[in-house]
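Coordinates from upload.pdb are shown below (PDB, C-alpha atoms).
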```pdb
ATOM      1  CA  MET F 124       0.000   0.000   0.000
ATOM      2  CA  THR F 125       1.104   3.573  -0.524
ATOM      3  CA  ALA F 126       0.449   6.644   1.601
ATOM      4  CA  ARG F 127      -1.158   8.285  -1.435
ATOM      5  CA  GLU F 128      -4.040   5.804  -1.255
ATOM      6  CA  PHE F 129      -5.131   7.381   2.049
ATOM      7  CA  LYS F 130      -6.395  10.806   2.915
ATOM      8  CA  VAL F 131      -7.587  12.260   6.175
ATOM      9  CA  GLY F 132     -11.278  11.638   6.670
ATOM     10  CA  ASP F 133     -11.429   8.424   4.607
ATOM     11  CA  LEU F 134     -14.091   6.167   6.133
ATOM     12  CA  HIS F 135     -14.374   2.411   5.922
ATOM     13  CA  GLU F 136     -16.886   0.063   7.481
ATOM     14  CA  GLU F 137     -16.685  -3.676   7.903
ATOM     15  CA  VAL F 138     -19.124  -6.187   9.408
ATOM     16  CA  LEU F 139     -16.967  -8.285  11.750
ATOM     17  CA  VAL F 140     -19.444 -10.965  12.785
ATOM     18  CA  GLU F 141     -23.163 -11.620  12.484
ATOM     19  CA  ASP F 142     -24.892 -13.506  15.308
ATOM     20  CA  LEU F 143     -21.754 -14.282  17.329
ATOM     21  CA  THR F 144     -21.839 -17.910  18.485
ATOM     22  CA  ARG F 145     -20.768 -19.484  21.753
ATOM     23  CA  THR F 146     -18.717 -21.914  19.684
ATOM     24  CA  GLN F 147     -16.631 -19.028  18.387
ATOM     25  CA  LEU F 148     -15.886 -18.110  22.007
ATOM     26  CA  VAL F 149     -14.714 -21.703  22.539
ATOM     27  CA  MET F 150     -12.531 -21.439  19.410
ATOM     28  CA  TYR F 151     -11.005 -18.212  20.661
ATOM     29  CA  SER F 152     -10.312 -19.705  24.099
ATOM     30  CA  GLY F 153      -8.532 -22.646  22.470
ATOM     31  CA  ALA F 154      -6.481 -20.544  20.067
ATOM     32  CA  SER F 155      -5.527 -17.768  22.476
ATOM     33  CA  GLY F 156      -4.961 -19.764  25.649
ATOM     34  CA  ASP F 157      -7.402 -17.638  27.661
ATOM     35  CA  TYR F 158      -9.714 -20.246  29.211
ATOM     36  CA  ASN F 159     -11.463 -17.915  31.639
ATOM     37  CA  PRO F 160     -14.800 -19.720  32.197
ATOM     38  CA  ILE F 161     -16.775 -16.465  31.911
ATOM     39  CA  HIS F 162     -16.378 -16.951  28.137
ATOM     40  CA  THR F 163     -17.413 -20.592  27.807
ATOM     41  CA  ASP F 164     -19.001 -21.922  31.000
ATOM     42  CA  GLU F 165     -22.664 -20.867  31.349
ATOM     43  CA  LEU F 166     -23.149 -22.549  34.744
ATOM     44  CA  TYR F 167     -20.153 -20.786  36.290
ATOM     45  CA  THR F 168     -20.934 -17.460  34.626
ATOM     46  CA  ARG F 169     -24.600 -17.371  35.700
ATOM     47  CA  GLU F 170     -24.411 -18.961  39.130
ATOM     48  CA  ALA F 171     -20.943 -18.095  40.429
ATOM     49  CA  ALA F 172     -19.891 -14.981  38.512
ATOM     50  CA  GLY F 173     -23.370 -13.428  38.437
ATOM     51  CA  TYR F 174     -23.623 -12.473  34.762
ATOM     52  CA  PRO F 175     -26.621 -13.306  32.522
ATOM     53  CA  GLY F 176     -24.436 -15.696  30.527
ATOM     54  CA  VAL F 177     -21.079 -16.135  28.853
ATOM     55  CA  PHE F 178     -19.654 -13.157  26.985
ATOM     56  CA  ALA F 179     -16.847 -12.592  24.510
ATOM     57  CA  HIS F 180     -13.186 -12.115  25.331
ATOM     58  CA  GLY F 181     -12.213  -8.469  24.862
ATOM     59  CA  MET F 182      -9.334  -9.805  22.802
ATOM     60  CA  LEU F 183     -11.765 -11.576  20.451
ATOM     61  CA  THR F 184     -13.484  -8.258  19.778
ATOM     62  CA  MET F 185     -10.065  -6.632  19.320
ATOM     63  CA  GLY F 186      -8.902  -9.468  17.047
ATOM     64  CA  MET F 187     -12.008  -9.178  14.876
ATOM     65  CA  THR F 188     -11.657  -5.392  14.811
ATOM     66  CA  GLY F 189      -8.066  -5.834  13.635
ATOM     67  CA  ARG F 190      -9.465  -7.271  10.416
ATOM     68  CA  ALA F 191     -10.947  -3.883   9.533
ATOM     69  CA  ILE F 192      -7.394  -2.502   9.746
ATOM     70  CA  THR F 193      -5.436  -5.358   8.139
ATOM     71  CA  ASN F 194      -7.868  -5.554   5.207
ATOM     72  CA  LEU F 195      -7.067  -1.886   4.518
ATOM     73  CA  VAL F 196      -3.317  -1.799   5.077
ATOM     74  CA  GLY F 197      -2.010  -5.396   5.042
ATOM     75  CA  ALA F 198      -1.206  -7.190   8.300
ATOM     76  CA  GLU F 199       2.549  -6.841   7.708
ATOM     77  CA  ASN F 200       2.276  -3.028   7.823
ATOM     78  CA  VAL F 201       0.565  -2.573  11.192
ATOM     79  CA  ARG F 202       2.857  -0.731  13.629
ATOM     80  CA  GLY F 203       0.440   0.074  16.403
ATOM     81  CA  PHE F 204      -3.000  -1.014  17.563
ATOM     82  CA  GLY F 205      -4.566  -0.003  20.863
ATOM     83  CA  VAL F 206      -8.111  -0.194  22.182
ATOM     84  CA  ARG F 207     -10.404   0.364  25.138
ATOM     85  CA  PHE F 208     -13.189  -2.115  25.771
ATOM     86  CA  THR F 209     -16.279  -0.053  26.545
ATOM     87  CA  SER F 210     -19.104  -2.625  26.697
ATOM     88  CA  GLN F 211     -19.410  -6.366  26.886
ATOM     89  CA  VAL F 212     -20.067  -8.405  23.725
ATOM     90  CA  TRP F 213     -22.607 -11.235  23.954
ATOM     91  CA  PRO F 214     -23.481 -14.321  21.913
ATOM     92  CA  GLY F 215     -25.970 -13.252  19.245
ATOM     93  CA  ASP F 216     -24.310  -9.872  18.744
ATOM     94  CA  THR F 217     -23.576  -8.481  15.293
ATOM     95  CA  LEU F 218     -20.508  -6.242  15.288
ATOM     96  CA  THR F 219     -19.450  -3.597  12.797
ATOM     97  CA  ALA F 220     -16.137  -1.734  12.815
ATOM     98  CA  ALA F 221     -15.818   1.761  11.387
ATOM     99  CA  THR F 222     -12.387   3.211  10.660
ATOM    100  CA  ARG F 223     -11.394   6.754   9.794
ATOM    101  CA  VAL F 224      -8.037   8.027   8.561
ATOM    102  CA  GLU F 225      -6.923  10.583  11.167
ATOM    103  CA  ALA F 226      -3.484  11.497   9.814
ATOM    104  CA  VAL F 227      -1.079  10.752   6.974
ATOM    105  CA  ARG F 228       2.382  11.757   8.164
ATOM    106  CA  GLU F 229       6.114  11.176   7.966
ATOM    107  CA  GLU F 230       8.304  10.158  10.881
ATOM    108  CA  ASP F 231      11.982   9.178  10.669
ATOM    109  CA  GLY F 232      11.688   8.984   6.877
ATOM    110  CA  GLU F 233       8.710   6.603   7.003
ATOM    111  CA  HIS F 234       5.190   7.272   5.760
ATOM    112  CA  LEU F 235       2.636   6.472   8.436
ATOM    113  CA  VAL F 236      -1.149   6.394   8.396
ATOM    114  CA  ASP F 237      -3.090   6.810  11.660
ATOM    115  CA  PHE F 238      -6.601   5.420  11.988
ATOM    116  CA  SER F 239      -9.302   5.673  14.599
ATOM    117  CA  VAL F 240     -11.621   2.704  14.952
ATOM    118  CA  THR F 241     -14.953   2.186  16.667
ATOM    119  CA  THR F 242     -16.783  -1.130  16.903
ATOM    120  CA  THR F 243     -20.513  -1.111  17.571
ATOM    121  CA  ASN F 244     -23.130  -3.787  18.148
ATOM    122  CA  GLN F 245     -26.531  -4.222  16.508
ATOM    123  CA  LYS F 246     -28.096  -1.813  19.018
ATOM    124  CA  GLY F 247     -25.642   0.909  18.065
ATOM    125  CA  GLU F 248     -23.752   0.624  21.367
ATOM    126  CA  THR F 249     -20.017   1.175  21.181
ATOM    127  CA  VAL F 250     -18.163  -1.923  22.409
ATOM    128  CA  LEU F 251     -14.616  -0.850  21.515
ATOM    129  CA  THR F 252     -12.787   2.339  20.616
ATOM    130  CA  GLY F 253      -9.189   2.520  19.499
ATOM    131  CA  THR F 254      -6.446   3.668  17.195
ATOM    132  CA  ALA F 255      -4.061   1.991  14.770
ATOM    133  CA  THR F 256      -0.968   3.067  12.874
ATOM    134  CA  ALA F 257       0.363   1.507   9.677
ATOM    135  CA  VAL F 258       3.506   2.063   7.642
ATOM    136  CA  ALA F 259       3.034   2.825   3.946
ATOM    137  CA  ALA F 260       5.257   3.151   0.902
ATOM    138  CA  GLY F 261       5.672   6.764  -0.225
TER     139      GLY F 261
ATOM    140  CA  MET I 149     -16.844  -1.998  31.318
ATOM    141  CA  ALA I 150     -18.817   1.183  31.217
ATOM    142  CA  ALA I 151     -17.568   3.947  28.993
ATOM    143  CA  ASP I 152     -17.451   6.277  31.996
ATOM    144  CA  GLU I 153     -14.764   4.166  33.677
ATOM    145  CA  ALA I 154     -12.127   6.009  31.696
ATOM    146  CA  ALA I 155      -8.789   4.467  32.553
ATOM    147  CA  VAL I 156      -5.484   6.293  32.379
ATOM    148  CA  HIS I 157      -4.229   6.318  28.818
ATOM    149  CA  ARG I 158      -0.563   6.853  28.198
ATOM    150  CA  PRO I 159       1.792   5.944  25.356
ATOM    151  CA  ILE I 160       3.597   2.621  25.860
ATOM    152  CA  ARG I 161       6.980   4.353  25.887
ATOM    153  CA  ALA I 162       5.966   6.542  28.802
ATOM    154  CA  ALA I 163       4.473   3.566  30.629
ATOM    155  CA  ALA I 164       7.636   1.520  30.113
ATOM    156  CA  ALA I 165       9.851   4.340  31.397
ATOM    157  CA  HIS I 166       7.590   4.705  34.411
ATOM    158  CA  ASP I 167       7.726   0.942  34.949
ATOM    159  CA  ARG I 168      11.523   0.963  34.875
ATOM    160  CA  SER I 169      11.556   3.655  37.504
ATOM    161  CA  ILE I 170       9.162   1.612  39.670
ATOM    162  CA  ALA I 171      11.326  -1.476  39.208
ATOM    163  CA  GLU I 172      14.428   0.450  40.223
ATOM    164  CA  SER I 173      12.872   2.100  43.237
ATOM    165  CA  HIS I 174      11.417  -1.177  44.524
ATOM    166  CA  ARG I 175      14.352  -3.389  43.467
ATOM    167  CA  VAL I 176      11.980  -5.811  41.767
ATOM    168  CA  SER I 177      13.484  -9.258  41.231
ATOM    169  CA  GLU I 178      14.102 -10.695  37.747
ATOM    170  CA  PRO I 179      11.025 -10.285  35.537
ATOM    171  CA  LYS I 180       9.261 -13.428  34.334
ATOM    172  CA  LYS I 181      10.301 -14.584  30.856
ATOM    173  CA  VAL I 182       8.552 -17.082  28.579
ATOM    174  CA  THR I 183      10.151 -18.333  25.339
ATOM    175  CA  PHE I 184       7.832 -19.747  22.689
ATOM    176  CA  PRO I 185       7.764 -20.666  18.982
ATOM    177  CA  VAL I 186       5.466 -18.906  16.501
ATOM    178  CA  GLU I 187       3.955 -21.709  14.416
ATOM    179  CA  ALA I 188       1.883 -21.671  11.228
ATOM    180  CA  SER I 189      -0.779 -24.046  12.580
ATOM    181  CA  HIS I 190      -1.247 -21.879  15.670
ATOM    182  CA  ILE I 191      -1.617 -18.772  13.477
ATOM    183  CA  MET I 192      -4.188 -20.647  11.354
ATOM    184  CA  MET I 193      -6.226 -21.593  14.436
ATOM    185  CA  PHE I 194      -6.004 -18.061  15.758
ATOM    186  CA  ALA I 195      -7.143 -16.580  12.411
ATOM    187  CA  ARG I 196     -10.074 -19.025  12.335
ATOM    188  CA  ALA I 197     -11.021 -18.049  15.885
ATOM    189  CA  ILE I 198     -11.242 -14.359  14.955
ATOM    190  CA  GLY I 199     -13.181 -15.267  11.793
ATOM    191  CA  ASP I 200     -10.465 -14.024   9.432
ATOM    192  CA  THR I 201     -10.225 -15.957   6.163
ATOM    193  CA  ASN I 202      -7.371 -13.875   4.702
ATOM    194  CA  PRO I 203      -4.958 -16.380   3.054
ATOM    195  CA  VAL I 204      -1.977 -14.406   4.395
ATOM    196  CA  PHE I 205      -2.733 -15.979   7.789
ATOM    197  CA  GLN I 206      -3.233 -19.573   6.680
ATOM    198  CA  ASP I 207      -2.141 -20.491   3.156
ATOM    199  CA  ALA I 208       1.654 -20.578   2.734
ATOM    200  CA  GLU I 209       1.578 -20.709  -1.078
ATOM    201  CA  ALA I 210      -0.968 -17.904  -1.459
ATOM    202  CA  ALA I 211       0.749 -15.814   1.225
ATOM    203  CA  LYS I 212       4.059 -15.969  -0.712
ATOM    204  CA  LYS I 213       2.397 -14.125  -3.593
ATOM    205  CA  THR I 214       1.183 -11.266  -1.384
ATOM    206  CA  ALA I 215       3.122  -8.168  -0.312
ATOM    207  CA  ALA I 216       3.726  -9.904   3.034
ATOM    208  CA  GLY I 217       5.894 -12.483   1.209
ATOM    209  CA  GLY I 218       4.647 -15.352   3.391
ATOM    210  CA  ILE I 219       2.425 -16.137   6.336
ATOM    211  CA  VAL I 220       2.293 -13.455   9.031
ATOM    212  CA  ALA I 221       0.361 -13.408  12.308
ATOM    213  CA  PRO I 222      -2.696 -11.193  12.871
ATOM    214  CA  PRO I 223      -1.843  -8.114  14.975
ATOM    215  CA  THR I 224      -3.333  -9.423  18.219
ATOM    216  CA  PHE I 225      -1.643 -12.847  17.983
ATOM    217  CA  ALA I 226       1.107 -11.931  20.454
ATOM    218  CA  GLN I 227      -1.479 -12.297  23.227
ATOM    219  CA  ALA I 228      -1.538 -16.060  22.543
ATOM    220  CA  VAL I 229       1.717 -16.265  24.511
ATOM    221  CA  ALA I 230      -0.793 -17.218  27.229
ATOM    222  CA  GLN I 231      -0.606 -20.777  25.809
ATOM    223  CA  PHE I 232       3.064 -20.997  26.736
ATOM    224  CA  ASP I 233       2.962 -19.309  30.137
ATOM    225  CA  PRO I 234       3.432 -22.152  32.657
ATOM    226  CA  ASP I 235       1.351 -20.402  35.304
ATOM    227  CA  HIS I 236      -1.208 -18.541  33.242
ATOM    228  CA  PRO I 237      -4.086 -17.908  35.684
ATOM    229  CA  THR I 238      -6.944 -18.646  33.265
ATOM    230  CA  ARG I 239      -5.845 -22.133  32.194
ATOM    231  CA  PRO I 240      -6.947 -25.130  34.282
ATOM    232  CA  LYS I 241      -4.058 -27.287  35.491
ATOM    233  CA  PRO I 242      -4.204 -30.989  36.339
ATOM    234  CA  GLY I 243      -4.541 -31.637  40.051
ATOM    235  CA  GLU I 244      -5.412 -28.025  40.902
ATOM    236  CA  LYS I 245      -8.814 -26.602  41.794
ATOM    237  CA  TRP I 246     -10.357 -24.610  38.969
ATOM    238  CA  PHE I 247     -12.763 -21.734  39.463
ATOM    239  CA  GLY I 248     -15.035 -22.838  36.584
ATOM    240  CA  SER I 249     -17.840 -25.364  36.986
ATOM    241  CA  GLY I 250     -17.651 -29.118  37.450
ATOM    242  CA  ALA I 251     -20.044 -30.835  39.820
ATOM    243  CA  THR I 252     -20.810 -27.381  41.238
ATOM    244  CA  PRO I 253     -20.931 -23.935  39.575
ATOM    245  CA  SER I 254     -17.404 -23.170  40.786
ATOM    246  CA  GLY I 255     -14.628 -25.410  42.045
ATOM    247  CA  VAL I 256     -13.316 -22.618  44.276
ATOM    248  CA  GLU I 257     -15.145 -20.891  47.103
ATOM    249  CA  GLY I 258     -14.835 -17.292  48.112
ATOM    250  CA  GLU I 259     -13.287 -15.923  44.921
ATOM    251  CA  PRO I 260     -14.462 -12.539  43.661
ATOM    252  CA  PRO I 261     -17.077 -12.807  40.881
ATOM    253  CA  SER I 262     -14.619 -11.942  38.119
ATOM    254  CA  SER I 263     -11.786 -14.091  39.396
ATOM    255  CA  GLY I 264      -9.957 -13.944  36.096
ATOM    256  CA  GLY I 265     -10.533 -10.191  35.746
ATOM    257  CA  LEU I 266     -12.003  -8.229  32.860
ATOM    258  CA  HIS I 267      -9.980  -6.595  30.137
ATOM    259  CA  ALA I 268     -10.202  -2.787  30.119
ATOM    260  CA  GLU I 269      -7.540  -1.808  27.585
ATOM    261  CA  GLN I 270      -4.986  -3.407  25.290
ATOM    262  CA  HIS I 271      -2.223  -1.698  23.307
ATOM    263  CA  PHE I 272       0.366  -3.141  20.923
ATOM    264  CA  GLU I 273       3.381  -1.590  19.234
ATOM    265  CA  TYR I 274       5.112  -3.590  16.515
ATOM    266  CA  ARG I 275       8.502  -3.216  14.858
ATOM    267  CA  ARG I 276       7.646  -5.951  12.354
ATOM    268  CA  PRO I 277       4.993  -8.661  11.939
ATOM    269  CA  LEU I 278       5.384 -12.015  13.700
ATOM    270  CA  ARG I 279       6.044 -14.916  11.318
ATOM    271  CA  PRO I 280       6.136 -18.722  11.589
ATOM    272  CA  GLY I 281       9.667 -19.709  12.606
ATOM    273  CA  ASP I 282      10.091 -16.828  15.019
ATOM    274  CA  VAL I 283      11.157 -17.893  18.487
ATOM    275  CA  LEU I 284      10.163 -15.095  20.827
ATOM    276  CA  THR I 285      10.938 -14.371  24.442
ATOM    277  CA  ALA I 286       8.213 -12.508  26.293
ATOM    278  CA  THR I 287       9.364 -10.484  29.299
ATOM    279  CA  TYR I 288       6.577  -9.640  31.756
ATOM    280  CA  ARG I 289       6.442  -6.601  33.969
ATOM    281  CA  VAL I 290       3.703  -5.385  36.259
ATOM    282  CA  GLY I 291       3.052  -1.678  35.854
ATOM    283  CA  GLU I 292       0.838   0.536  37.934
ATOM    284  CA  SER I 293      -2.259  -0.443  39.857
ATOM    285  CA  TRP I 294      -5.041   1.825  41.018
ATOM    286  CA  GLU I 295      -8.588   1.782  42.389
ATOM    287  CA  LYS I 296     -11.751   3.510  41.343
ATOM    288  CA  GLU I 297     -15.364   3.662  42.442
ATOM    289  CA  SER I 298     -17.989   2.957  39.764
ATOM    290  CA  ARG I 299     -21.748   3.133  39.479
ATOM    291  CA  ARG I 300     -22.153  -0.149  37.622
ATOM    292  CA  ALA I 301     -19.736  -2.508  39.376
ATOM    293  CA  GLY I 302     -18.742  -1.019  42.732
ATOM    294  CA  LYS I 303     -15.048  -0.802  43.502
ATOM    295  CA  LEU I 304     -12.716  -1.416  40.566
ATOM    296  CA  TRP I 305      -9.121  -2.588  40.931
ATOM    297  CA  PHE I 306      -7.043  -1.854  37.824
ATOM    298  CA  THR I 307      -3.694  -3.479  37.042
ATOM    299  CA  GLU I 308      -1.368  -2.589  34.199
ATOM    300  CA  ARG I 309       0.879  -5.268  32.698
ATOM    301  CA  LEU I 310       3.603  -4.892  30.094
ATOM    302  CA  ILE I 311       5.071  -7.594  27.879
ATOM    303  CA  ASP I 312       8.090  -7.048  25.625
ATOM    304  CA  TYR I 313       8.676  -9.612  22.880
ATOM    305  CA  HIS I 314      12.243 -10.094  21.635
ATOM    306  CA  ASP I 315      13.323 -12.381  18.796
ATOM    307  CA  GLU I 316      16.310 -14.746  18.789
ATOM    308  CA  ASP I 317      18.603 -11.904  17.698
ATOM    309  CA  GLY I 318      17.557  -9.952  20.771
ATOM    310  CA  GLU I 319      15.591  -7.438  18.673
ATOM    311  CA  LEU I 320      12.459  -5.979  20.222
ATOM    312  CA  VAL I 321       9.643  -6.935  17.826
ATOM    313  CA  CYS I 322       6.494  -6.188  19.795
ATOM    314  CA  ARG I 323       5.503  -4.441  22.967
ATOM    315  CA  ALA I 324       2.141  -5.035  24.647
ATOM    316  CA  ARG I 325       0.444  -3.143  27.440
ATOM    317  CA  SER I 326      -2.762  -4.381  29.031
ATOM    318  CA  ILE I 327      -5.032  -3.031  31.708
ATOM    319  CA  THR I 328      -7.254  -5.521  33.490
ATOM    320  CA  VAL I 329      -9.864  -4.786  36.103
ATOM    321  CA  LYS I 330     -11.337  -6.793  38.936
ATOM    322  CA  THR I 331     -14.763  -5.654  40.045
ATOM    323  CA  GLU I 332     -16.427  -5.640  43.457
ATOM    324  CA  ARG I 333     -19.606  -7.047  41.897
ATOM    325  CA  PRO I 334     -20.738  -8.090  38.413
ATOM    326  CA  VAL I 335     -21.180  -5.193  35.983
ATOM    327  CA  ASP I 336     -24.853  -4.060  36.012
ATOM    328  CA  GLN I 337     -26.579  -4.851  32.741
ATOM    329  CA  ASP I 338     -28.803  -1.726  32.992
TER     330      ASP I 338
END
```
Kindly return the structure encoded in the file as structure tokens.
Amino acid sequence: MTAREFKVGDLHEEVLVEDLTRTQLVMYSGASGDYNPIHTDELYTREAAGYPGVFAHGMLTMGMTGRAITNLVGAENVRGFGVRFTSQVWPGDTLTAATRVEAVREEDGEHLVDFSVTTTNQKGETVLTGTATAVAAG
Amino acid sequence: MAADEAAVHRPIRAAAAHDRSIAESHRVSEPKKVTFPVEASHIMMFARAIGDTNPVFQDAEAAKKTAAGGIVAPPTFAQAVAQFDPDHPTRPKPGEKWFGSGATPSGVEGEPPSSGGLHAEQHFEYRRPLRPGDVLTATYRVGESWEKESRRAGKLWFTERLIDYHDEDGELVCRARSITVKTERPVDQD
């Protein structure tokens, strides 16, 4: 990718998942090594932890959101990615990530593109906000 | 977590410098280190788990023809170091009590409701992508911790953790900073 392909204000939207399944939470536990039962164990989560049911790993939401960035810039070009988790994500949720180009700049002779990203659920609630930076050819 | 529980947000570099100063002032013992291989099959499973079908994460032949020049890991993959951490707190271990359910809703009594903690923030900086064949050493440091009162979950205990990932040449390739939170009670669902 080249820096010229991006200009400040460019918007991009990507549906990350439709009707998130409990099985995907199991897959993410297995792949990531985070086996916290609040993501896979309904009995524990309802009766011991006190939540209505299992909910997604923040890192699953971040991982899915990363796709909205890597599809734009190429995974090999990502230099920074940081997020805040602002609401829980539940089985059945449909998530959409929206990115915006915030800056196209040069630093130490490299061309960098800064993005903001917001992921929302089907009710329009924000579940994640963050930023990402990618390196681009001139 | 509720959007109003704004946690402190600082660049990783500043956090790391602060952490060094804490380590020096408290004479913290050797930080924990975990060395682990980055493997193509693990990257494939991770990509599947995040629902990403991009061939650059799972098809060696197709990935060679892309600008990446071969398989690379998705940006959040570094977190999967959890698999290799011998005492990772959210992995059950044979012969030890586990806080998830078995015969009863929890195998451990008296733990706070979010024993494993909730994730409040996560930040990564990368010098280059991770690739199959990398052997990385993760160095763990505990950063700051602080408390806060919240409407939706009572008292909140935040902990910052930093992980630096170095390759076999000793080059820093990735730096991760996480903030987790333990809550006094489950987060109200409005």
Can you tell me, as an MDAnalysis selection string, what residues are no more than 6 Å from Ala221 (chain F) when counting all atoms listed in the file, ignoring any on the same chain fewer than 4 positions away? chainID F and resid 135:136 240:241
Fewer than 5 positions away in the same chain doesn't count, so skip those; otherwise give me all residues within 9 Å of Ala188 (chain I), counting only C-alpha atoms, as number ranges by chain. I: 193, 205-206, 208, 219-221, 279-281
Between I:Ala210, I:Ala268, I:Val186, I:Ile191, which has the minimum distance to chain F (counting only C-alpha atoms)?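 Closest to chain F of all the choices is I:Ala268.
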May I have a table of the residues of chain F lying at most 6 Å from chain I, giving each one's closest pair of atoms and their distance in Å to one decimal, counting all atoms listed in the file, ordered by chain and ascending residue number, as CSV?
```
residue,atom,partner,partner_atom,distance
F:Met150,CA,I:Ala197,CA,5.1
F:Tyr151,CA,I:Ala197,CA,4.8
F:Ala154,CA,I:Phe194,CA,5.0
F:Ser155,CA,I:Ala228,CA,4.3
F:Gly156,CA,I:Gln231,CA,4.5
F:Asp157,CA,I:Thr238,CA,5.7
F:Tyr158,CA,I:Thr238,CA,5.2
F:Asn159,CA,I:Thr238,CA,4.9
F:Pro160,CA,I:Gly248,CA,5.4
F:Leu166,CA,I:Pro253,CA,5.5
F:Tyr167,CA,I:Pro253,CA,4.6
F:Ala171,CA,I:Pro253,CA,5.9
F:Ala172,CA,I:Pro261,CA,4.3
F:Gly173,CA,I:Pro334,CA,6.0
F:Gly186,CA,I:Thr224,CA,5.7
F:Met187,CA,I:Ile198,CA,5.2
F:Glu199,CA,I:Pro277,CA,5.2
F:Arg202,CA,I:Tyr274,CA,4.6
F:Gly203,CA,I:Glu273,CA,4.4
F:Phe204,CA,I:Phe272,CA,5.2
F:Gly205,CA,I:His271,CA,3.8
F:Val206,CA,I:Gln270,CA,5.5
F:Arg207,CA,I:Glu269,CA,4.3
F:Phe208,CA,I:Ala268,CA,5.3
F:Thr209,CA,I:Ala151,CA,4.9
F:Ser210,CA,I:Met149,CA,5.2
```
What does the structure give for the distance between CA of Lys180 (chain I) and CA of Gly253 (chain F), in Å to one decimal?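 Between CA of Lys180 (chain I) and CA of Gly253 (chain F) the gap works out to 28.5 Å.
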For CA of Asn194 (chain F) and CA of Thr183 (chain I), the interatomic separation in Å (one decimal): 29.9 Å
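Rounded to one decimal, CA of Ala260 (chain F) and CA of Gly318 (chain I) lie 26.8 Å from each other.
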Starting from the PyMOL selection byres ((chain F and resi 128) around 10), expand the selection into actual residues of this file and give them as a VMD selection string. chain F and resid 124 to 127 129 to 130 133 196 259 to 261
Neighbours of Lys303 (chain I) within 6 Å (only C-alpha atoms; same-chain residues fewer than 4 positions away dropped), as a PyMOL selection string? chain I and resi 296-297+331-332
Would you save the residues of that selection, restricted to C-alpha atoms, as a CSV table (one decimal), in the frame of the given file?
```csv
chain,number,residue,atom,x,y,z
I,296,LYS,CA,-11.8,3.5,41.3
I,297,GLU,CA,-15.4,3.7,42.4
I,331,THR,CA,-14.8,-5.7,40.0
I,332,GLU,CA,-16.4,-5.6,43.5
```
Please return the centre and edge lengths, in Å to one decimal, of a box with edges along x, y and z that contains all listed atoms of region 235-250 of chain F, widened by 3 Å on every side, as JSON.
```
{"center_x": -12.7, "center_y": 1.3, "center_z": 15.4, "size_x": 36.7, "size_y": 17.0, "size_z": 20.0}
```
On this file, the PyMOL selection byres ((chain F and resi 162) around 6) gives some set of residues; write that set as a ChimeraX atom specification. /F:160-161,163,177-179
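For Val201 (chain F), the non-local neighbours within 7 Å, defined as residues at least 3 positions apart in the same chain or in other chains and counting only C-alpha atoms, are Ala198, Thr256, Ala257 and Val258 of chain F.
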Picked residues, the PyMOL selection byres ((chain F and resi 184) around 9), expected as an NGL selection string: (:F and (139 or 179-183 or 185-189 or 208 or 212 or 218 or 242 or 250-251)) or (:I and (198))
